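Structure data (mmCIF, C-alpha atoms) from structure-v9.cif:
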data_upload
#
loop_
_atom_site.label_atom_id
_atom_site.label_comp_id
_atom_site.auth_asym_id
_atom_site.auth_seq_id
_atom_site.Cartn_x
_atom_site.Cartn_y
_atom_site.Cartn_z
CA MET A 11 20.55 24.97 -1.64
CA HIS A 12 17.08 25.74 -0.32
CA PHE A 13 17.42 23.69 2.86
CA PRO A 14 21.05 24.50 3.78
CA ASP A 15 20.75 23.34 7.39
CA ILE A 16 19.17 19.99 6.53
CA PRO A 17 21.46 17.05 5.68
CA THR A 18 20.41 14.00 3.70
CA ILE A 19 18.39 12.01 6.23
CA GLN A 20 20.20 8.80 7.18
CA TYR A 21 19.28 5.69 9.12
CA GLU A 22 20.86 5.83 12.60
CA GLY A 23 18.84 3.17 14.46
CA THR A 24 16.67 3.29 17.54
CA SER A 25 19.41 4.53 19.86
CA THR A 26 19.83 7.87 18.09
CA THR A 27 18.53 11.13 19.55
CA ASN A 28 19.04 12.98 16.27
CA PRO A 29 15.63 14.35 15.18
CA LEU A 30 16.83 14.51 11.58
CA ALA A 31 17.54 10.78 11.28
CA PHE A 32 15.59 7.61 10.60
CA ARG A 33 15.20 5.22 13.50
CA HIS A 34 13.47 2.42 11.58
CA TYR A 35 13.52 3.22 7.87
CA ASN A 36 16.71 1.75 6.46
CA PRO A 37 16.09 1.91 2.68
CA ASP A 38 18.36 -0.97 1.66
CA GLU A 39 17.60 -3.28 4.59
CA LYS A 40 15.84 -6.44 3.43
CA VAL A 41 12.55 -7.48 4.96
CA GLY A 42 11.78 -10.85 3.48
CA ASP A 43 12.85 -10.86 -0.14
CA LYS A 44 12.70 -7.11 -0.79
CA THR A 45 14.33 -4.00 0.58
CA MET A 46 12.31 -1.49 2.56
CA ARG A 47 12.62 0.89 -0.38
CA GLU A 48 11.04 -1.70 -2.68
CA HIS A 49 8.28 -2.66 -0.24
CA LEU A 50 7.18 0.84 0.75
CA ARG A 51 7.61 2.89 -2.44
CA PHE A 52 7.24 6.20 -0.61
CA GLY A 53 5.87 9.18 -2.51
CA ALA A 54 5.68 12.87 -1.60
CA ALA A 55 2.62 14.96 -2.45
CA TYR A 56 3.59 18.07 -4.40
CA TRP A 57 0.43 19.82 -3.23
CA HIS A 58 1.30 19.49 0.46
CA VAL A 59 5.08 19.87 0.32
CA MET A 60 5.22 22.83 -2.06
CA ARG A 61 1.77 24.44 -2.05
CA ASN A 62 0.08 23.94 1.30
CA GLU A 63 0.02 27.25 3.15
CA LEU A 64 -1.29 25.55 6.34
CA GLY A 65 -4.53 27.46 6.55
CA ASP A 66 -7.65 26.07 8.16
CA PRO A 67 -11.36 27.05 8.19
CA PHE A 68 -10.65 29.61 10.92
CA GLY A 69 -7.32 31.14 9.94
CA ALA A 70 -4.95 32.08 7.16
CA GLY A 71 -1.88 30.08 6.22
CA THR A 72 1.21 30.12 8.42
CA ALA A 73 3.76 28.23 6.30
CA LEU A 74 7.12 29.89 5.72
CA MET A 75 8.20 29.19 2.13
CA PRO A 76 11.11 31.52 1.36
CA TRP A 77 11.48 30.10 -2.15
CA ASP A 78 7.92 31.14 -3.09
CA ASP A 79 7.00 34.75 -3.96
CA GLY A 80 3.30 34.05 -3.48
CA SER A 81 2.35 34.72 -7.09
CA GLU A 82 0.58 32.44 -9.55
CA SER A 83 3.21 33.18 -12.20
CA LEU A 84 4.86 30.60 -14.41
CA GLN A 85 8.28 31.68 -13.13
CA ASN A 86 7.25 31.05 -9.52
CA ALA A 87 6.03 27.59 -10.53
CA LEU A 88 9.39 26.90 -12.15
CA ASN A 89 11.19 28.16 -9.04
CA ARG A 90 9.49 25.51 -6.91
CA VAL A 91 10.77 22.54 -8.93
CA PRO A 92 14.41 22.49 -7.75
CA VAL A 93 13.24 23.04 -4.16
CA PHE A 94 10.99 20.00 -4.38
CA PHE A 95 13.67 17.75 -5.83
CA GLU A 96 16.15 18.84 -3.17
CA PHE A 97 13.51 17.82 -0.62
CA LEU A 98 13.05 14.41 -2.30
CA GLU A 99 16.79 13.79 -2.34
CA LYS A 100 17.34 14.78 1.28
CA THR A 101 14.45 12.62 2.53
CA GLN A 102 15.40 9.67 0.28
CA ILE A 103 11.84 9.60 -1.10
CA ASP A 104 11.84 7.99 -4.54
CA TYR A 105 8.44 9.04 -5.91
CA TYR A 106 6.10 12.00 -6.05
CA CYS A 107 2.51 12.77 -7.05
CA PHE A 108 0.94 15.95 -8.42
CA HIS A 109 -2.22 17.69 -9.58
CA ASP A 110 -1.79 19.76 -12.74
CA ARG A 111 -2.62 22.99 -10.92
CA ASP A 112 -0.12 22.24 -8.13
CA ILE A 113 2.76 22.37 -10.56
CA ALA A 114 1.56 24.91 -13.13
CA PRO A 115 -0.74 27.94 -12.88
CA GLU A 116 -3.92 28.80 -14.75
CA GLY A 117 -3.32 31.12 -17.70
CA ALA A 118 -5.47 33.87 -19.17
CA THR A 119 -6.83 31.28 -21.62
CA LEU A 120 -7.09 27.51 -21.58
CA THR A 121 -4.42 27.36 -24.28
CA GLU A 122 -2.06 29.37 -22.07
CA THR A 123 -2.88 27.09 -19.14
CA HIS A 124 -1.83 24.05 -21.14
CA LYS A 125 1.36 25.79 -22.27
CA ASN A 126 2.20 26.56 -18.64
CA LEU A 127 1.78 22.90 -17.77
CA GLU A 128 3.96 21.81 -20.68
CA ARG A 129 6.73 24.21 -19.63
CA VAL A 130 6.76 22.98 -16.02
CA VAL A 131 6.72 19.37 -17.22
CA ASP A 132 9.89 20.21 -19.18
CA GLU A 133 11.48 21.18 -15.88
CA LEU A 134 10.17 18.17 -13.98
CA GLU A 135 11.45 15.86 -16.70
CA LYS A 136 14.91 17.45 -16.48
CA PHE A 137 15.09 17.01 -12.70
CA GLN A 138 13.78 13.45 -12.86
CA LYS A 139 16.60 12.57 -15.24
CA GLU A 140 19.19 14.28 -13.04
CA THR A 141 18.04 12.71 -9.75
CA GLY A 142 16.42 9.40 -10.70
CA LYS A 143 13.21 10.36 -8.91
CA LYS A 144 10.00 9.02 -10.43
CA LEU A 145 6.35 9.97 -10.79
CA LEU A 146 4.04 7.63 -8.89
CA TRP A 147 0.91 9.18 -10.34
CA GLY A 148 -0.49 12.39 -11.76
CA THR A 149 -3.97 13.84 -11.83
CA ALA A 150 -5.99 16.89 -12.85
CA CYS A 151 -7.37 19.30 -10.25
CA LEU A 152 -11.06 19.41 -11.14
CA PHE A 153 -12.34 20.80 -7.85
CA SER A 154 -10.64 24.04 -6.77
CA HIS A 155 -11.57 26.49 -9.53
CA PRO A 156 -15.05 28.12 -9.23
CA ARG A 157 -16.05 26.64 -12.60
CA TYR A 158 -16.07 23.24 -10.90
CA ALA A 159 -18.26 24.33 -7.99
CA GLN A 160 -21.02 22.01 -9.26
CA GLY A 161 -18.73 19.23 -10.42
CA ALA A 162 -16.57 18.58 -13.46
CA ALA A 163 -17.69 15.35 -15.13
CA THR A 164 -20.95 15.62 -13.16
CA SER A 165 -21.52 19.33 -13.81
CA PRO A 166 -24.93 20.30 -15.24
CA SER A 167 -22.95 22.37 -17.78
CA ALA A 168 -21.66 20.50 -20.85
CA ASP A 169 -19.08 23.26 -21.37
CA VAL A 170 -17.67 22.62 -17.89
CA PHE A 171 -17.54 18.90 -18.75
CA ALA A 172 -15.53 19.79 -21.86
CA TYR A 173 -13.17 22.02 -19.85
CA GLY A 174 -12.58 19.18 -17.39
CA ALA A 175 -12.00 16.75 -20.25
CA SER A 176 -9.41 19.13 -21.69
CA GLN A 177 -7.58 19.27 -18.37
CA ILE A 178 -7.64 15.48 -18.06
CA LYS A 179 -6.26 15.09 -21.59
CA HIS A 180 -3.27 17.32 -20.91
CA ALA A 181 -2.66 16.01 -17.36
CA LEU A 182 -2.75 12.44 -18.66
CA GLU A 183 -0.32 13.31 -21.44
CA ALA A 184 1.99 15.00 -18.91
CA THR A 185 1.83 11.91 -16.70
CA HIS A 186 2.67 9.71 -19.68
CA ARG A 187 5.60 11.92 -20.68
CA LEU A 188 7.03 11.82 -17.14
CA GLY A 189 6.77 8.04 -16.93
CA GLY A 190 4.02 8.15 -14.32
CA GLU A 191 3.11 4.68 -13.10
CA GLY A 192 -0.51 5.66 -12.55
CA TYR A 193 -3.18 8.30 -13.05
CA THR A 194 -5.72 9.08 -10.31
CA PHE A 195 -9.27 10.42 -10.33
CA TRP A 196 -10.48 12.03 -7.11
CA GLY A 197 -14.00 13.36 -7.49
CA GLY A 198 -13.96 16.12 -4.89
CA ARG A 199 -16.88 17.88 -6.55
CA GLU A 200 -18.33 14.82 -8.29
CA GLY A 201 -21.34 14.58 -6.01
CA TYR A 202 -24.14 16.80 -4.80
CA ALA A 203 -25.04 19.35 -2.15
CA THR A 204 -28.75 18.49 -2.36
CA LEU A 205 -30.87 16.06 -4.35
CA ILE A 206 -33.53 18.75 -4.90
CA ASN A 207 -31.67 20.01 -7.96
CA THR A 208 -29.79 16.83 -8.93
CA ASP A 209 -30.39 14.19 -11.58
CA MET A 210 -28.18 11.54 -10.00
CA LYS A 211 -28.52 8.93 -12.74
CA ARG A 212 -27.56 11.42 -15.41
CA GLU A 213 -24.58 12.64 -13.42
CA LEU A 214 -23.31 9.09 -12.87
CA ASP A 215 -23.69 8.38 -16.58
CA HIS A 216 -21.63 11.47 -17.36
CA LEU A 217 -18.94 10.51 -14.84
CA ALA A 218 -18.64 7.07 -16.42
CA ALA A 219 -18.47 8.67 -19.87
CA MET A 220 -15.53 10.83 -18.75
CA LEU A 221 -13.65 7.82 -17.40
CA HIS A 222 -14.22 5.89 -20.62
CA LEU A 223 -12.90 8.88 -22.57
CA ALA A 224 -9.74 8.83 -20.44
CA VAL A 225 -9.28 5.10 -21.03
CA ASP A 226 -9.70 5.61 -24.77
CA HIS A 227 -7.19 8.47 -24.83
CA ALA A 228 -4.64 6.45 -22.85
CA LYS A 229 -4.84 3.75 -25.52
CA LYS A 230 -4.47 6.37 -28.24
CA ILE A 231 -1.26 7.85 -26.80
CA GLY A 232 0.18 4.51 -25.70
CA TYR A 233 -0.09 5.14 -21.96
CA THR A 234 -0.12 1.82 -20.10
CA GLY A 235 -0.06 3.08 -16.50
CA GLN A 236 -2.72 2.10 -13.98
CA PHE A 237 -5.87 4.22 -13.57
CA TYR A 238 -7.05 4.77 -9.98
CA ILE A 239 -10.17 6.09 -8.28
CA GLU A 240 -9.75 7.50 -4.79
CA PRO A 241 -12.81 7.04 -2.54
CA LYS A 242 -14.11 9.72 -0.18
CA PRO A 243 -17.65 10.03 1.19
CA ARG A 244 -18.09 13.80 1.59
CA GLU A 245 -16.31 17.13 2.04
CA PRO A 246 -16.41 19.28 0.07
CA SER A 247 -19.61 17.78 -1.36
CA THR A 248 -22.43 16.63 0.91
CA HIS A 249 -22.19 13.27 -0.84
CA GLN A 250 -19.49 12.22 -3.28
CA TYR A 251 -20.23 9.44 -5.74
CA ASP A 252 -16.90 7.74 -4.96
CA SER A 253 -17.92 7.46 -1.31
CA ASP A 254 -16.03 4.30 -0.28
CA SER A 255 -14.38 1.21 -1.74
CA ALA A 256 -17.61 -0.72 -2.14
CA ALA A 257 -19.41 2.17 -3.85
CA CYS A 258 -16.49 2.67 -6.25
CA LEU A 259 -16.36 -1.00 -7.14
CA ASN A 260 -20.11 -1.11 -7.73
CA PHE A 261 -19.85 1.94 -9.99
CA LEU A 262 -16.94 0.46 -11.96
CA ARG A 263 -18.78 -2.85 -12.45
CA GLU A 264 -22.02 -1.15 -13.49
CA TYR A 265 -20.29 0.95 -16.14
CA ASP A 266 -17.90 -1.73 -17.43
CA LEU A 267 -14.78 0.02 -16.10
CA LEU A 268 -13.46 -2.50 -13.59
CA ASP A 269 -10.88 -3.90 -16.02
CA HIS A 270 -9.28 -0.44 -16.29
CA PHE A 271 -9.33 0.88 -12.72
CA LYS A 272 -8.02 0.05 -9.28
CA LEU A 273 -8.48 2.02 -6.06
CA ASN A 274 -6.20 4.49 -4.35
CA ILE A 275 -7.28 4.20 -0.69
CA GLU A 276 -6.68 6.99 1.83
CA THR A 277 -6.75 6.39 5.60
CA ASN A 278 -8.41 9.70 6.46
CA HIS A 279 -11.10 9.13 3.84
CA ALA A 280 -11.82 5.70 5.31
CA THR A 281 -12.36 7.40 8.68
CA LEU A 282 -14.77 9.92 7.15
CA ALA A 283 -16.68 7.03 5.54
CA GLY A 284 -17.19 5.47 8.97
CA HIS A 285 -14.83 2.59 8.18
CA THR A 286 -11.42 1.47 9.34
CA MET A 287 -8.56 1.54 6.89
CA GLU A 288 -8.34 -2.27 7.18
CA HIS A 289 -11.97 -2.52 6.04
CA GLU A 290 -11.43 -0.34 2.98
CA LEU A 291 -8.30 -2.24 2.01
CA ASP A 292 -9.94 -5.64 2.46
CA VAL A 293 -12.89 -4.62 0.27
CA ALA A 294 -10.52 -3.48 -2.47
CA ILE A 295 -8.22 -6.50 -2.18
CA GLY A 296 -11.19 -8.87 -2.26
CA ALA A 297 -11.98 -7.53 -5.74
CA ASN A 298 -8.31 -7.56 -6.79
CA ALA A 299 -8.61 -3.79 -7.03
CA LEU A 300 -6.15 -2.28 -4.54
CA GLY A 301 -3.70 -0.19 -6.49
CA SER A 302 -2.12 2.44 -4.25
CA ILE A 303 -2.42 4.04 -0.80
CA ASP A 304 -2.48 7.63 0.44
CA ALA A 305 -0.66 7.38 3.76
CA ASN A 306 -2.10 9.68 6.41
CA ARG A 307 -4.51 9.66 9.33
CA GLY A 308 -7.42 11.72 10.61
CA ASP A 309 -8.36 13.20 13.94
CA GLU A 310 -11.50 11.50 15.23
CA LEU A 311 -12.32 14.60 17.29
CA ILE A 312 -12.44 16.85 14.22
CA GLY A 313 -15.10 16.42 11.56
CA TRP A 314 -13.09 17.23 8.47
CA ASP A 315 -10.22 15.82 6.44
CA THR A 316 -7.20 16.74 8.58
CA ASP A 317 -4.60 14.86 6.49
CA GLN A 318 -2.23 14.26 9.40
CA PHE A 319 0.99 12.32 9.04
CA PRO A 320 0.76 8.64 10.04
CA THR A 321 2.28 7.92 13.44
CA ASN A 322 0.15 5.04 14.76
CA VAL A 323 2.22 1.88 14.38
CA TYR A 324 -0.79 -0.37 15.02
CA ASP A 325 -2.43 1.17 11.95
CA THR A 326 0.66 1.00 9.73
CA ALA A 327 1.19 -2.65 10.66
CA GLN A 328 -2.40 -3.48 9.69
CA VAL A 329 -1.95 -1.74 6.36
CA MET A 330 1.32 -3.50 5.61
CA VAL A 331 -0.06 -6.94 6.50
CA ARG A 332 -2.52 -6.47 3.68
CA VAL A 333 0.02 -5.06 1.24
CA LEU A 334 2.34 -8.03 1.87
CA LYS A 335 -0.45 -10.58 1.57
CA MET A 336 -1.50 -9.23 -1.82
CA GLY A 337 2.09 -9.64 -3.02
CA GLY A 338 3.16 -6.03 -2.63
CA PHE A 339 2.57 -2.96 -4.76
CA LYS A 340 2.66 -3.48 -8.51
CA THR A 341 2.42 0.14 -9.66
CA GLY A 342 1.29 2.08 -6.60
CA GLY A 343 2.95 2.92 -3.32
CA LEU A 344 2.60 4.92 -0.12
CA ASN A 345 1.98 8.53 -1.03
CA PHE A 346 2.10 10.98 1.88
CA ASP A 347 -1.09 12.91 1.23
CA ALA A 348 -0.42 14.54 4.57
CA LYS A 349 0.30 18.03 5.81
CA ARG A 350 2.06 19.51 8.80
CA ARG A 351 -0.01 21.04 11.55
CA ARG A 352 -0.64 24.77 11.28
CA GLU A 353 1.73 25.37 14.19
CA SER A 354 4.56 23.50 12.41
CA HIS A 355 5.21 26.22 9.89
CA GLU A 356 8.99 26.24 9.38
CA PRO A 357 10.60 24.47 6.39
CA GLU A 358 12.43 22.08 8.72
CA ASP A 359 9.06 20.74 9.86
CA LEU A 360 8.53 19.25 6.39
CA PHE A 361 11.41 16.89 7.17
CA HIS A 362 10.30 15.98 10.69
CA ALA A 363 6.83 15.14 9.39
CA HIS A 364 8.02 12.84 6.62
CA ILE A 365 10.67 11.19 8.81
CA GLY A 366 7.95 10.28 11.31
CA GLY A 367 5.66 8.86 8.64
CA MET A 368 8.43 6.87 7.00
CA ASP A 369 9.60 5.44 10.31
CA ALA A 370 6.02 4.53 11.27
CA PHE A 371 5.57 2.56 8.06
CA ALA A 372 9.01 0.96 8.33
CA ARG A 373 8.03 -0.32 11.77
CA GLY A 374 4.67 -1.41 10.39
CA LEU A 375 6.43 -3.31 7.61
CA LYS A 376 8.71 -5.18 10.02
CA ILE A 377 5.80 -6.02 12.32
CA ALA A 378 3.65 -7.18 9.40
CA HIS A 379 6.44 -9.45 8.18
CA LYS A 380 6.68 -11.01 11.66
CA ILE A 381 2.92 -11.52 11.84
CA ILE A 382 2.82 -13.29 8.49
CA SER A 383 5.99 -15.33 9.09
CA ASP A 384 4.78 -16.48 12.50
CA GLY A 385 1.43 -17.54 11.03
CA ARG A 386 -0.58 -17.85 14.25
CA LEU A 387 -3.22 -15.29 13.28
CA ASP A 388 -3.63 -16.72 9.78
CA GLU A 389 -3.86 -20.24 11.17
CA PHE A 390 -6.61 -19.21 13.59
CA VAL A 391 -8.64 -17.60 10.80
CA LYS A 392 -8.11 -20.62 8.55
CA ASN A 393 -9.32 -23.01 11.26
CA ARG A 394 -12.31 -20.81 12.01
CA TYR A 395 -13.61 -21.42 8.50
CA ALA A 396 -12.47 -25.05 8.24
CA SER A 397 -16.07 -26.32 7.97
CA TYR A 398 -16.11 -24.91 4.42
CA ASP A 399 -13.07 -26.93 3.35
CA SER A 400 -14.95 -30.21 2.94
CA GLY A 401 -18.40 -31.75 3.07
CA ILE A 402 -21.44 -29.51 2.93
CA GLY A 403 -19.30 -26.36 3.34
CA ALA A 404 -17.25 -27.15 0.24
CA GLN A 405 -20.49 -27.79 -1.67
CA ILE A 406 -21.80 -24.37 -0.57
CA GLU A 407 -18.65 -22.61 -1.77
CA SER A 408 -18.59 -24.47 -5.08
CA GLY A 409 -22.24 -23.69 -5.76
CA SER A 410 -23.10 -27.38 -6.11
CA THR A 411 -25.88 -27.51 -3.52
CA SER A 412 -29.51 -26.37 -3.31
CA LEU A 413 -31.92 -25.25 -0.62
CA ASP A 414 -33.40 -28.77 -0.67
CA ASP A 415 -29.92 -30.25 -0.06
CA LEU A 416 -29.23 -27.83 2.76
CA ASP A 417 -32.62 -28.46 4.30
CA ALA A 418 -31.98 -32.21 4.30
CA HIS A 419 -28.50 -31.71 5.77
CA ALA A 420 -29.78 -29.41 8.53
CA GLN A 421 -32.50 -31.87 9.54
CA ASN A 422 -29.99 -34.69 9.89
CA ILE A 423 -27.49 -32.96 12.19
CA SER A 424 -27.55 -31.79 15.76
CA ALA A 425 -28.20 -28.11 16.32
CA PRO A 426 -24.92 -26.26 15.57
CA THR A 427 -22.78 -24.84 18.34
CA LEU A 428 -20.24 -22.08 17.76
CA SER A 429 -16.62 -21.94 18.83
CA SER A 430 -15.34 -18.74 20.42
CA GLY A 431 -14.00 -16.04 18.13
CA ARG A 432 -11.22 -15.44 20.69
CA GLN A 433 -11.05 -11.72 19.85
CA GLU A 434 -9.30 -10.74 23.07
CA MET A 435 -6.72 -13.50 22.75
CA LEU A 436 -5.96 -12.47 19.18
CA GLU A 437 -5.67 -8.82 20.20
CA ASN A 438 -3.17 -9.88 22.87
CA ILE A 439 -1.16 -11.81 20.28
CA LEU A 440 -1.22 -8.81 17.94
CA ASN A 441 0.04 -6.57 20.74
CA ASP A 442 2.94 -8.97 21.29
CA TYR A 443 4.18 -8.21 17.78
CA LEU A 444 4.11 -4.48 18.45
CA VAL A 445 6.75 -4.65 21.18
#

Re-express the file's structure as structure tokens.
Amino acid sequence: MHFPDIPTIQYEGTSTTNPLAFRHYNPDEKVGDKTMREHLRFGAAYWHVMRNELGDPFGAGTALMPWDDGSESLQNALNRVPVFFEFLEKTQIDYYCFHDRDIAPEGATLTETHKNLERVVDELEKFQKETGKKLLWGTACLFSHPRYAQGAATSPSADVFAYGASQIKHALEATHRLGGEGYTFWGGREGYATLINTDMKRELDHLAAMLHLAVDHAKKIGYTGQFYIEPKPREPSTHQYDSDSAACLNFLREYDLLDHFKLNIETNHATLAGHTMEHELDVAIGANALGSIDANRGDELIGWDTDQFPTNVYDTAQVMVRVLKMGGFKTGGLNFDAKRRRESHEPEDLFHAHIGGMDAFARGLKIAHKIISDGRLDEFVKNRYASYDSGIGAQIESGSTSLDDLDAHAQNISAPTLSSGRQEMLENILNDYLV
């Protein structure tokens, strides 16, 4: 056992004072017609749980990881696997996500790198079979190695493009082998530092070409999982091409990729884009393109991607309202792309962090179910737009009117008056649900 002092985390209810217990997340409790486990589909991020040393721009890592010898050896990578699955079992988290370089190290050659990945996938497959844990999605890390300093698919070097394509091929095959329900593209370096040296149109064409190659290869190997793009506006690049939900959707439509991709939305990335998480989700849902969610939050006082664990119940409720209204997750889930604070460096802190995030989303789920079941907020919004349900409004929405028709209508009515949007009243109602 790698966490000998940590029991399997159990639901003990709101009266407990046990810090290693759930207060709200009761996996088999039904909310509506599904259990919490089925609604929330929690995933753990291999990169944060097993690999994050808790460094920051001003200091080295502080994390204590007694199972890790600090080397980039294949054996050390294999040593991490049973630790991770013990963590999944003790937290009752059913899914996980990985980058290829999180789980397996670079080799002296690209061929050796791929062999390392294949060997670790052997081990992951064995532990998945033993524990019943599942892969939510996999991806290739095309941003950390110096060769990707100027992008992968958008690199000015065709050889770098080919290297990235090779990584995607093998990461996609590993995801397929492990039964991964999705495959994600996050373009951390797919952007620019300055437009002085950038041919943006050419780079976007190359990015689209890479995504089409991935779609074609998935068909070739029989992989039917969902492809995702994860938006983020900047950091590490000055501007990333997948800057927000709207930009991603526009890109996918322009390059005839929308039928193959949905979005993996992250709360902290929404903040960096200058949007709320609700905004990003609504944009994606409006295009029937919300696939999965990276569950975290950012610090509005700090200008970078802090990847903090979600604790704001108002935010989790707003997220879950939208997940429930779209009919729930089909392939995606709530992946904790979140890390402990640098001061929370002991292994036990991994459990406290995930317990808090899981409880926050369990509360958000229950609140969202109450909001939808009660119906007052939905009824208000419906009535606010009732003028489009008949008459001239219905003609506008159906596209059966013209400017001449609208001009004639406007000249034959009294000047319009608006009803109040009742924002404060609605905020008061929303707060009632949070009690």

Taking the file above as input, evaluate the PyMOL selection byres ((chain A and resi 52) around 7) and report the hits as an mmCIF file with C-alpha atoms, keeping the file's coordinate frame.
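After the write, out_25.cif holds the following:
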data_model
loop_
_atom_site.group_PDB
_atom_site.id
_atom_site.type_symbol
_atom_site.label_atom_id
_atom_site.label_comp_id
_atom_site.auth_asym_id
_atom_site.auth_seq_id
_atom_site.Cartn_x
_atom_site.Cartn_y
_atom_site.Cartn_z
ATOM 1 C CA LEU A 50 7.180 0.840 0.750
ATOM 2 C CA ARG A 51 7.610 2.890 -2.440
ATOM 3 C CA GLY A 53 5.870 9.180 -2.510
ATOM 4 C CA ALA A 54 5.680 12.870 -1.600
ATOM 5 C CA ILE A 103 11.840 9.600 -1.100
ATOM 6 C CA ASP A 104 11.840 7.990 -4.540
ATOM 7 C CA TYR A 105 8.440 9.040 -5.910
ATOM 8 C CA GLY A 343 2.950 2.920 -3.320
ATOM 9 C CA LEU A 344 2.600 4.920 -0.120
ATOM 10 C CA ASN A 345 1.980 8.530 -1.030
#

task: Return the single residue from A:Gly197, A:Phe237, A:Arg352, A:His49 that is closest to Val331 (chain A), with distances computed using all atoms listed in the file.
output: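 Closest to Val331 (chain A), using all atoms listed in the file: A:His49.
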
message: Give me the residues near region 240-249 of chain A as a list in words, where near means some atom within 9 Å (using all atoms listed in the file) and where sequence neighbours in that chain fewer than 4 positions away do not count.
response: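 Result of the neighbour search: Thr194, Phe195, Trp196, Gly197, Gly198, Arg199, Glu200, Gly201, Tyr202, Ala203, Thr204, Ser253, Asp254, Ser255, Ala257, Cys258, Lys272, Leu273, Asn274, Ile275, Glu276, Asn278, His279, Ala280, Leu282, Ala283, Asp304, Trp314 and Asp315 of chain A.
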
Got a sec to resolve the PyMOL selection byres ((chain A and resi 363) around 9) on this structure and send the residues as a JSON list (two decimals) with C-alpha atoms, in the coordinates of the input?
[["chain", "number", "residue", "atom", "x", "y", "z"],
["A", 319, "PHE", "CA", 0.99, 12.32, 9.04],
["A", 320, "PRO", "CA", 0.76, 8.64, 10.04],
["A", 348, "ALA", "CA", -0.42, 14.54, 4.57],
["A", 349, "LYS", "CA", 0.30, 18.03, 5.81],
["A", 350, "ARG", "CA", 2.06, 19.51, 8.80],
["A", 358, "GLU", "CA", 12.43, 22.08, 8.72],
["A", 359, "ASP", "CA", 9.06, 20.74, 9.86],
["A", 360, "LEU", "CA", 8.53, 19.25, 6.39],
["A", 361, "PHE", "CA", 11.41, 16.89, 7.17],
["A", 362, "HIS", "CA", 10.30, 15.98, 10.69],
["A", 364, "HIS", "CA", 8.02, 12.84, 6.62],
["A", 365, "ILE", "CA", 10.67, 11.19, 8.81],
["A", 366, "GLY", "CA", 7.95, 10.28, 11.31],
["A", 367, "GLY", "CA", 5.66, 8.86, 8.64],
["A", 368, "MET", "CA", 8.43, 6.87, 7.00]]

task: Please provide the set of residues having any atom within 12 Å of region 36-48 of chain A, restricted to all atoms listed in the file, with same-chain residues fewer than 6 positions apart removed, written as a ChimeraX atom specification.
output: /A:19-24,101-105,330,334,337-344,365,368-369,371-380,382-383

Kindly save the residues from that selection, with C-alpha atoms included, as a PDB file, in the coordinates of the input.
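After the write, result-v3.pdb holds the following:
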ATOM      1  CA  ILE A  19      18.390  12.010   6.230  1.00  0.00           C
ATOM      2  CA  GLN A  20      20.200   8.800   7.180  1.00  0.00           C
ATOM      3  CA  TYR A  21      19.280   5.690   9.120  1.00  0.00           C
ATOM      4  CA  GLU A  22      20.860   5.830  12.600  1.00  0.00           C
ATOM      5  CA  GLY A  23      18.840   3.170  14.460  1.00  0.00           C
ATOM      6  CA  THR A  24      16.670   3.290  17.540  1.00  0.00           C
ATOM      7  CA  THR A 101      14.450  12.620   2.530  1.00  0.00           C
ATOM      8  CA  GLN A 102      15.400   9.670   0.280  1.00  0.00           C
ATOM      9  CA  ILE A 103      11.840   9.600  -1.100  1.00  0.00           C
ATOM     10  CA  ASP A 104      11.840   7.990  -4.540  1.00  0.00           C
ATOM     11  CA  TYR A 105       8.440   9.040  -5.910  1.00  0.00           C
ATOM     12  CA  MET A 330       1.320  -3.500   5.610  1.00  0.00           C
ATOM     13  CA  LEU A 334       2.340  -8.030   1.870  1.00  0.00           C
ATOM     14  CA  GLY A 337       2.090  -9.640  -3.020  1.00  0.00           C
ATOM     15  CA  GLY A 338       3.160  -6.030  -2.630  1.00  0.00           C
ATOM     16  CA  PHE A 339       2.570  -2.960  -4.760  1.00  0.00           C
ATOM     17  CA  LYS A 340       2.660  -3.480  -8.510  1.00  0.00           C
ATOM     18  CA  THR A 341       2.420   0.140  -9.660  1.00  0.00           C
ATOM     19  CA  GLY A 342       1.290   2.080  -6.600  1.00  0.00           C
ATOM     20  CA  GLY A 343       2.950   2.920  -3.320  1.00  0.00           C
ATOM     21  CA  LEU A 344       2.600   4.920  -0.120  1.00  0.00           C
ATOM     22  CA  ILE A 365      10.670  11.190   8.810  1.00  0.00           C
ATOM     23  CA  MET A 368       8.430   6.870   7.000  1.00  0.00           C
ATOM     24  CA  ASP A 369       9.600   5.440  10.310  1.00  0.00           C
ATOM     25  CA  PHE A 371       5.570   2.560   8.060  1.00  0.00           C
ATOM     26  CA  ALA A 372       9.010   0.960   8.330  1.00  0.00           C
ATOM     27  CA  ARG A 373       8.030  -0.320  11.770  1.00  0.00           C
ATOM     28  CA  GLY A 374       4.670  -1.410  10.390  1.00  0.00           C
ATOM     29  CA  LEU A 375       6.430  -3.310   7.610  1.00  0.00           C
ATOM     30  CA  LYS A 376       8.710  -5.180  10.020  1.00  0.00           C
ATOM     31  CA  ILE A 377       5.800  -6.020  12.320  1.00  0.00           C
ATOM     32  CA  ALA A 378       3.650  -7.180   9.400  1.00  0.00           C
ATOM     33  CA  HIS A 379       6.440  -9.450   8.180  1.00  0.00           C
ATOM     34  CA  LYS A 380       6.680 -11.010  11.660  1.00  0.00           C
ATOM     35  CA  ILE A 382       2.820 -13.290   8.490  1.00  0.00           C
ATOM     36  CA  SER A 383       5.990 -15.330   9.090  1.00  0.00           C
TER      37      SER A 383
END

Need the shell around Asn393 (chain A): protein/DNA/RNA residues with any atom at most 12 Å away, counting all atoms listed in the file. Skip same-chain ones fewer than 6 positions apart. Format as a short mmCIF file (atom, residue, chain, number, x, y, z; two decimals) with C-alpha atoms, keeping the file's coordinate frame?
data_model
loop_
_atom_site.label_atom_id
_atom_site.label_comp_id
_atom_site.auth_asym_id
_atom_site.auth_seq_id
_atom_site.Cartn_x
_atom_site.Cartn_y
_atom_site.Cartn_z
CA ARG A 386 -0.58 -17.85 14.25
CA LEU A 387 -3.22 -15.29 13.28
CA ASP A 399 -13.07 -26.93 3.35
CA SER A 429 -16.62 -21.94 18.83
CA SER A 430 -15.34 -18.74 20.42
CA GLY A 431 -14.00 -16.04 18.13
#
